[in-house]
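J.: Below are the structure tokens for one structure; questions will follow.
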Amino acid sequence: MTISAAGSTAALLSQRLIDMRSQFDDLQRQLSTGQKSDTYAGLGLDRGLSVSLNALSAALGSYNTTIDNVMTRLNVAQNALTAVGKVSSNLGSALSQGADSPNNGNTTQVSAKSWLQQLVGLLNTKVGDRYVFSGSATDRPSTATYDQMINGDGAKAGLTQLISERNQADLGASGLGRLTVTNASATSVQIAEDSATSPFGFKLNAISSNLSNATMSGPSGSPSAETVSFAGVPSAGENVTFTFDLPDGTTSNLTLTATTDSPPGANQFTIGGTAAATATNLQTALTTALGTRANTTLKAASTVQASNEFFDGDSSNPPQRVNGPPYDTATSLVVGTSANTVIWYTGDTSGTARGSATARVDQSLTVNYGTRANETGIRNVVQSAATRAAVTVSSTDPNGPNFTSALDNRLSGHIDGSGGVQTVTDIEAELAGVQTSMQSIKANHQQTGNTLGAFLDQISGVSKVQVGTELLSLQTRMQASMQTTALLFQTSLVKYL
Amino acid sequence: MSLTQALSSALSGLNAAQTGLSLVAGNVANANTPGYVRKTATFVSNATGTTGSYVQVGSINRVLDQFVQSQMRTESSGAAYADLRANMYSQLQSIYGTPNGTSSLESAYNNFTSTLQALTTSPGDRPTQIAVVSAAQRLTQTLNQMTSGIQTLRSQAEQGLSDDVTQANDSLQQIAALNQQLAQSPQQDSATAGLLDERDNYIDKLSKLMDVRVVKGDNNQVSVFTTSGVQLVGTKASTLSFDSHPTVTPQSQWSATASQRTLGTITLTSPGGTRTDMIATGAIRSGEIAGYLDMRDTVLTQAQAQIDQFAAGMSTALSGTTTDGAAATVGAQTGFDVNIGSMQDGDTISLSYTDNATNTQHKVIFKRVDPSALPLSDPSVVGLDFTGGTASVISQIQSALSGSNLTVSNPSGTTLRIVGDGAPNLADVNALSTTVNTTSLTGSAALPFFLDGTSAYTGSYTSSGAESVGFAGRISVNSALVTDPSNLINYTSGLSASDPTRSNYIYDQLTSASHDYNPSTGIGTTTLPYGGTLASFMRQFISQQGEAANNATGLKQGQDVVLSSLQQRFHDASGVNIDQEMSNLLSLQNTYAANARVMTTVKQMLDQLMQMGV
């Protein structure tokens, strides 16, 4: 502050001392705060840069927090997925064992129940308040409970119910897989579907044979039918093969071999004395064989298809169900509703699974790390465990072992990753890729942060050594100035008068 | 008889020495009195009789270097101006807080964007949602406080002007009064010298308040003018008056018209009764008063406009949905079509084109405004009146763009088409877009995150001016977000708990989207307004303010040095030097002793004469 008008020597001198004192105070502030200035004005020309750098530094800080946060979520998801993978491999070995050595499979069912329970627990893992496997619907568990899934929930049908309905529809009232086997004429056997439109039961695909004195026709007509017409009798060892399409998209070949034995063995028919007798024998043998095939392979395919429908369902797209009752004569499927059918997956379904959770980890980089319980890899494990857990086979059922074997075979095909189908390991690998890239971005951020910090320090910080030196030199100057001021006032003529 | 002659000479010598002594005493006593000018006496010898002479005090003189004095007055106006500005600038700097300190705007803003960043990662997380709302509240509070800080400074300036005018009036009256007294005592005696000292003192005081020029007349008279030539004191003093407006808001502004004025003006009433508005005529160019005026009407207004635009930018960034025009071609002319059907007051159409003749980029911002606001005083925005229908709007745009070589048309419905001139290639349309503000929390990712008081901010103009003025002081977080932070996510019903659409939108709009800022902020120009992210705009104005404050301090320091050295010179020439006074004292003592000695000798001689007679 400039002093008033014509000041005295004393005022001018003291002004200089005051200036030095304020300089001293400022240096002291710098030393204690480590900051060059407490205003933007004092930062110098780089003040604008410091504003940008502070913003960048804050952004880096929040990116790092995000990375840490997402890492935690991913680690939890990875742990859960590892456990799901373990269940998958246990289930896989139990299923292939069951497929290879037919038994009534009760042991497998018991294990499957406990595995499914484990899976439901794992898939409803939370990090904080956030369900990991529900996509963006983080406030909801990703799956229905074990009990709801298997046994239904009040008015809502569960998997067991759906399987039962579908089995009835596929096997039909006669237990022949919705087929009829008749002697269309005295010398021919006709096998026909019961409905042209029904999706249930065996579907005629092809017929082939090397039977002599016999002609094959079909499948043709509506409903589709195949006919074996005998002009004479075939020779022993010759056979006819019927190829059926099964509800789950697989096919099944039924081969009946001509034999002279009477009664014939399984999948054989006795060559009669005439074409007509042979036709009757074939009709009988075919009916028996179909009955067995329907209760084993078809039932397994039907069960798998029912569980496919069940596990394909989600809130926006409820499962397809058999249009009934009655179910055994049903000819169409109907879309269930969330009021009458349990929806096993309760998370979100829009967009891709990974895209259901995104994080910005850099100005230009967004990582997608969402996971959903209905991703193929996870869903197949759940489906296989649930299907196996839902199916109960009576120990007295003669077809039981073959049925469970056919079922186990199909279910194990779901989770062994064959045919390029996604497995849990694939999901784990994808998430691991995200983790790796985040780690390297974090390392980058740390490096950038260090550089930024150093730069910011250069702009707004002070060197303690420098300030200390300045303080010392200022102190010396102040002392000198005070001494000379004192001396100046002492050396006045007044003293010597 | 020459002995009596000698006696009276010695007596006059004693008198002269006494006068000298009293001057020395006065000088020493006033050594530290500001404005005191050293006095010296001039002695003249008078011949008496045939041989004798006696000494007489001719005049009492002030040892005054008039050149330094006038220079010092000029510099003291400058220094007072610089001081005041530096002082107010430093107060203004404290409003921006310590760099990156917790109270600073940048820290509040960075904190807000950091919480938003966290929200994009965990949209459904309620604590994060609440954190975003609190950070936004901290930001709006910071802006509110900055506004009240800036307005307090403006109000200080208003008060300061009022005080300064009172003080200036006092000085003017005193100068006039002293002029009259001096006219009555034309002698160069010590009383006159004292009066001159006092008058100089008042002129010095006045020169700190405003820049003055002093013209000396005869008989120790002075006239005082402003450097711009307005007479303040002649034989009589003019009177300054200030119509103070105690309440200062961001809307307060000075105007030459009394009815539109919400801040005080300085009026000079001459002794003859003529009134002059000293602000309108720009009569005061330096001194504290000019400093206050500069701060009140320019610097602080601009600082307010900057944070207002920042607040407005932030608000419209989140509430506005910008739709780029669809490319349109008419023969060889190319340009864009936009639909202006859904525009409300405050919504904008932005056009950017290149004048190929001069290769200059132009950006024109059209805004739908309340018809009562037209014509707008803001040159950077073209106001549009929509009450006359699309055809009328098109013709308003046409007339605003006349001379630009662009063709404006209405191909159908409410479509606005602007295309270049085609073959002559004098002008090219680069971009055309509309920005429409939403006032609803649902429907789109855009939302009225911030409110102006309790209603949505639109950025419109009304008859009372631009809504943006003082918005930083009124900005608040939408209370619907405070009561239910999940509105940060739920832009429509049936969304997943962690749907990131809106949080991503908010984050992108605030951190990476570019917005335009009004050139009243001192950043950008009318033809090409500054466009950039909010962070870069903040960087611009914080850095500009810092630089300005730094310059003000630099100017002050420079002025201080100049003034100090002038004061030193003035003091060396006109001030009291004790040593000099002491040596004068010694010499006066000697003179006195010598004169007394002469008297003793004369007395002895007379005594001897007497004895002879006895």
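Residues in the structure tokens are named by chain (A, B, ... in the order shown) and by number from 1 within that chain; ligands are numbered from 1 in the order shown.
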Write out as number ranges by chain all residues of range 425-530 of chain B that DSSP puts in strand (DSSP E or B) for this structure's backbone.
T.: B: 427-437, 450-452, 455-456, 461-462, 465-466, 475-477, 515-517, 524, 529-530
J.: Pull C-alpha atoms from the residues just selected and write them as a tab-separated table (two decimals), in the first residue's frame.
T.:
```tsv
chain	number	residue	atom	x	y	z
B	427	ALA	CA	-20.82	-19.27	-48.55
B	428	ASP	CA	-21.06	-22.85	-47.28
B	429	VAL	CA	-23.35	-24.12	-44.55
B	430	ASN	CA	-21.29	-26.32	-42.21
B	431	ALA	CA	-23.87	-27.35	-39.67
B	432	LEU	CA	-27.39	-26.65	-38.54
B	433	SER	CA	-28.98	-28.07	-35.42
B	434	THR	CA	-31.73	-27.44	-32.91
B	435	THR	CA	-31.52	-27.81	-29.16
B	436	VAL	CA	-34.79	-28.37	-27.35
B	437	ASN	CA	-34.98	-28.30	-23.57
B	450	PHE	CA	-30.79	-28.18	-12.38
B	451	LEU	CA	-33.57	-25.71	-11.77
B	452	ASP	CA	-33.74	-21.94	-11.76
B	455	SER	CA	-38.82	-23.87	-12.34
B	456	ALA	CA	-36.86	-25.37	-15.19
B	461	TYR	CA	-35.07	-13.85	-22.72
B	462	THR	CA	-37.97	-11.89	-21.36
B	465	GLY	CA	-33.57	-9.50	-19.73
B	466	ALA	CA	-31.79	-12.81	-20.14
B	475	ILE	CA	-29.24	-22.60	-9.64
B	476	SER	CA	-30.38	-25.53	-7.55
B	477	VAL	CA	-30.61	-29.27	-7.93
B	515	HIS	CA	-21.33	-26.32	-25.69
B	516	ASP	CA	-21.41	-22.65	-26.71
B	517	TYR	CA	-20.92	-19.82	-24.25
B	524	GLY	CA	-15.07	-15.92	-27.51
B	529	PRO	CA	-18.68	-17.76	-29.65
B	530	TYR	CA	-16.40	-19.96	-27.60
```
J.: Taking the backbone alone, and naming residues the way the document does, which bits of range 263-377 of chain A are alpha helix (DSSP H) by DSSP, as a VMD selection string?
T.: chain A and resid 275 to 293 299 to 312 376 to 377
J.: Show me which bits of chain B are within 8 Å of chain A, counting only C-alpha atoms, as an MDAnalysis selection string.
T.: chainID B and resid 31:36 72 76 79 83 93:94 96:100 106 110:111 113:115 117:118 120:121 124:125 201 204 496:500 535:536 539:540 542:543 545:550 560 563:564 567:568 570:571 575 578:579 582:583
J.: Give me, as an MDAnalysis selection string, all polymer residues having an atom no more than 7 Å from range 171-173 of chain A, counting only C-alpha atoms and skipping those fewer than 6 positions away in the same chain.
T.: chainID A and resid 201 294 328:329
J.: Which residues, written as an MDAnalysis selection string, have at least one atom at most 10 Å from range 147-153 of chain A, with only C-alpha atoms counted and residues fewer than 3 positions away on the same chain left out?
T.: chainID A and resid 113 116:117 120 143:144 156:162 310:311 339:345 386:387 389:391
J.: Filtering to N, CA and C atoms, could you give me those residues as an mmCIF file, in the first residue's frame?
T.:
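Saved the output as part_11.cif:
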```
data_model
loop_
_atom_site.group_PDB
_atom_site.id
_atom_site.type_symbol
_atom_site.label_atom_id
_atom_site.label_comp_id
_atom_site.auth_asym_id
_atom_site.auth_seq_id
_atom_site.Cartn_x
_atom_site.Cartn_y
_atom_site.Cartn_z
ATOM 1 N N LYS A 113 -29.850 -82.722 -7.540
ATOM 2 C CA LYS A 113 -30.606 -81.800 -6.696
ATOM 3 C C LYS A 113 -29.662 -80.901 -5.913
ATOM 4 N N LEU A 116 -27.922 -78.426 -8.184
ATOM 5 C CA LEU A 116 -28.789 -77.334 -8.617
ATOM 6 C C LEU A 116 -28.921 -76.305 -7.497
ATOM 7 N N GLN A 117 -29.048 -76.830 -6.274
ATOM 8 C CA GLN A 117 -29.127 -75.889 -5.155
ATOM 9 C C GLN A 117 -27.875 -75.027 -5.074
ATOM 10 N N VAL A 120 -27.965 -72.395 -7.870
ATOM 11 C CA VAL A 120 -28.863 -71.277 -7.582
ATOM 12 C C VAL A 120 -28.191 -70.324 -6.608
ATOM 13 N N THR A 143 -32.057 -65.836 -10.509
ATOM 14 C CA THR A 143 -32.878 -67.017 -10.796
ATOM 15 C C THR A 143 -33.979 -67.175 -9.759
ATOM 16 N N ALA A 144 -34.971 -67.966 -10.133
ATOM 17 C CA ALA A 144 -35.980 -68.366 -9.167
ATOM 18 C C ALA A 144 -35.298 -69.307 -8.167
ATOM 19 N N LYS A 156 -48.101 -71.273 -10.400
ATOM 20 C CA LYS A 156 -47.124 -71.295 -11.492
ATOM 21 C C LYS A 156 -46.485 -72.670 -11.578
ATOM 22 N N ALA A 157 -46.475 -73.197 -12.796
ATOM 23 C CA ALA A 157 -45.935 -74.530 -12.998
ATOM 24 C C ALA A 157 -44.423 -74.494 -13.011
ATOM 25 N N GLY A 158 -43.812 -75.521 -12.417
ATOM 26 C CA GLY A 158 -42.357 -75.631 -12.428
ATOM 27 C C GLY A 158 -41.929 -76.606 -13.498
ATOM 28 N N LEU A 159 -40.625 -76.922 -13.462
ATOM 29 C CA LEU A 159 -40.063 -77.787 -14.493
ATOM 30 C C LEU A 159 -40.699 -79.173 -14.485
ATOM 31 N N THR A 160 -40.905 -79.736 -13.297
ATOM 32 C CA THR A 160 -41.468 -81.084 -13.202
ATOM 33 C C THR A 160 -42.814 -81.165 -13.923
ATOM 34 N N GLN A 161 -43.614 -80.160 -13.676
ATOM 35 C CA GLN A 161 -44.930 -80.095 -14.298
ATOM 36 C C GLN A 161 -44.815 -80.000 -15.818
ATOM 37 N N LEU A 162 -43.901 -79.145 -16.284
ATOM 38 C CA LEU A 162 -43.748 -78.979 -17.731
ATOM 39 C C LEU A 162 -43.283 -80.267 -18.391
ATOM 40 N N PHE A 310 -38.505 -74.658 -21.078
ATOM 41 C CA PHE A 310 -38.539 -74.016 -19.765
ATOM 42 C C PHE A 310 -37.369 -73.046 -19.625
ATOM 43 N N PHE A 311 -36.178 -73.500 -20.027
ATOM 44 C CA PHE A 311 -35.001 -72.661 -19.813
ATOM 45 C C PHE A 311 -34.801 -71.619 -20.915
ATOM 46 N N ALA A 339 -47.966 -65.739 -15.143
ATOM 47 C CA ALA A 339 -48.901 -66.072 -14.078
ATOM 48 C C ALA A 339 -49.054 -67.575 -13.911
ATOM 49 N N ASN A 340 -48.808 -68.328 -15.003
ATOM 50 C CA ASN A 340 -49.022 -69.765 -14.866
ATOM 51 C C ASN A 340 -47.746 -70.590 -14.979
ATOM 52 N N THR A 341 -46.640 -69.934 -15.216
ATOM 53 C CA THR A 341 -45.400 -70.668 -15.371
ATOM 54 C C THR A 341 -44.285 -69.948 -14.613
ATOM 55 N N VAL A 342 -43.456 -70.713 -13.946
ATOM 56 C CA VAL A 342 -42.297 -70.113 -13.272
ATOM 57 C C VAL A 342 -41.308 -69.665 -14.345
ATOM 58 N N ILE A 343 -40.806 -68.418 -14.199
ATOM 59 C CA ILE A 343 -39.750 -67.961 -15.095
ATOM 60 C C ILE A 343 -38.451 -68.157 -14.321
ATOM 61 N N TRP A 344 -37.627 -69.045 -14.825
ATOM 62 C CA TRP A 344 -36.447 -69.387 -14.003
ATOM 63 C C TRP A 344 -35.458 -68.252 -13.920
ATOM 64 N N TYR A 345 -35.290 -67.483 -15.049
ATOM 65 C CA TYR A 345 -34.305 -66.401 -15.056
ATOM 66 C C TYR A 345 -35.025 -65.091 -14.825
ATOM 67 N N ALA A 386 -30.985 -79.216 -13.445
ATOM 68 C CA ALA A 386 -32.398 -79.127 -13.072
ATOM 69 C C ALA A 386 -33.195 -80.255 -13.694
ATOM 70 N N THR A 387 -32.911 -80.560 -14.961
ATOM 71 C CA THR A 387 -33.664 -81.612 -15.636
ATOM 72 C C THR A 387 -33.440 -82.949 -14.945
ATOM 73 N N ALA A 389 -32.550 -83.305 -11.940
ATOM 74 C CA ALA A 389 -33.132 -83.291 -10.601
ATOM 75 C C ALA A 389 -34.643 -83.458 -10.649
ATOM 76 N N ALA A 390 -35.233 -83.061 -11.785
ATOM 77 C CA ALA A 390 -36.700 -83.074 -11.859
ATOM 78 C C ALA A 390 -37.252 -84.446 -12.221
ATOM 79 N N VAL A 391 -36.380 -85.288 -12.804
ATOM 80 C CA VAL A 391 -36.887 -86.561 -13.311
ATOM 81 C C VAL A 391 -36.724 -87.668 -12.270
#
```
J.: Which residues are close to Gly273 in chain B, i.e. within 12 Å by only C-alpha atoms, leaving aside same-chain residues fewer than 4 positions away? Reply as a PyMOL selection string.
T.: chain B and resi 236-240+267-269
J.: Keeping C-alpha atoms, export the residues of the selection given above as a PDB file, in the first residue's frame.
T.:
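part-v6.pdb was written with the following content:
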```pdb
ATOM      1  CA  LYS B 236     -16.591  28.169  -6.320  1.00  0.00           C
ATOM      2  CA  ALA B 237     -16.730  24.384  -5.982  1.00  0.00           C
ATOM      3  CA  SER B 238     -18.977  22.166  -8.056  1.00  0.00           C
ATOM      4  CA  THR B 239     -20.846  19.457  -6.188  1.00  0.00           C
ATOM      5  CA  LEU B 240     -20.630  15.735  -6.864  1.00  0.00           C
ATOM      6  CA  THR B 267     -23.482  13.615 -11.167  1.00  0.00           C
ATOM      7  CA  LEU B 268     -21.527  16.874 -11.112  1.00  0.00           C
ATOM      8  CA  THR B 269     -23.554  19.992 -10.435  1.00  0.00           C
TER       9      THR B 269
END
```
J.: Would you kindly return, as a list in words, each protein, DNA or RNA residue with an atom no farther than 9 Å from any atom of Thr227 in chain B, considering only C-alpha atoms and excluding same-chain residues fewer than 4 positions away?
T.: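 Here the qualifying residues turn out to be Met210, Asp211, Val212, Arg213, Ala283, Ile284 and Arg285 of chain B.
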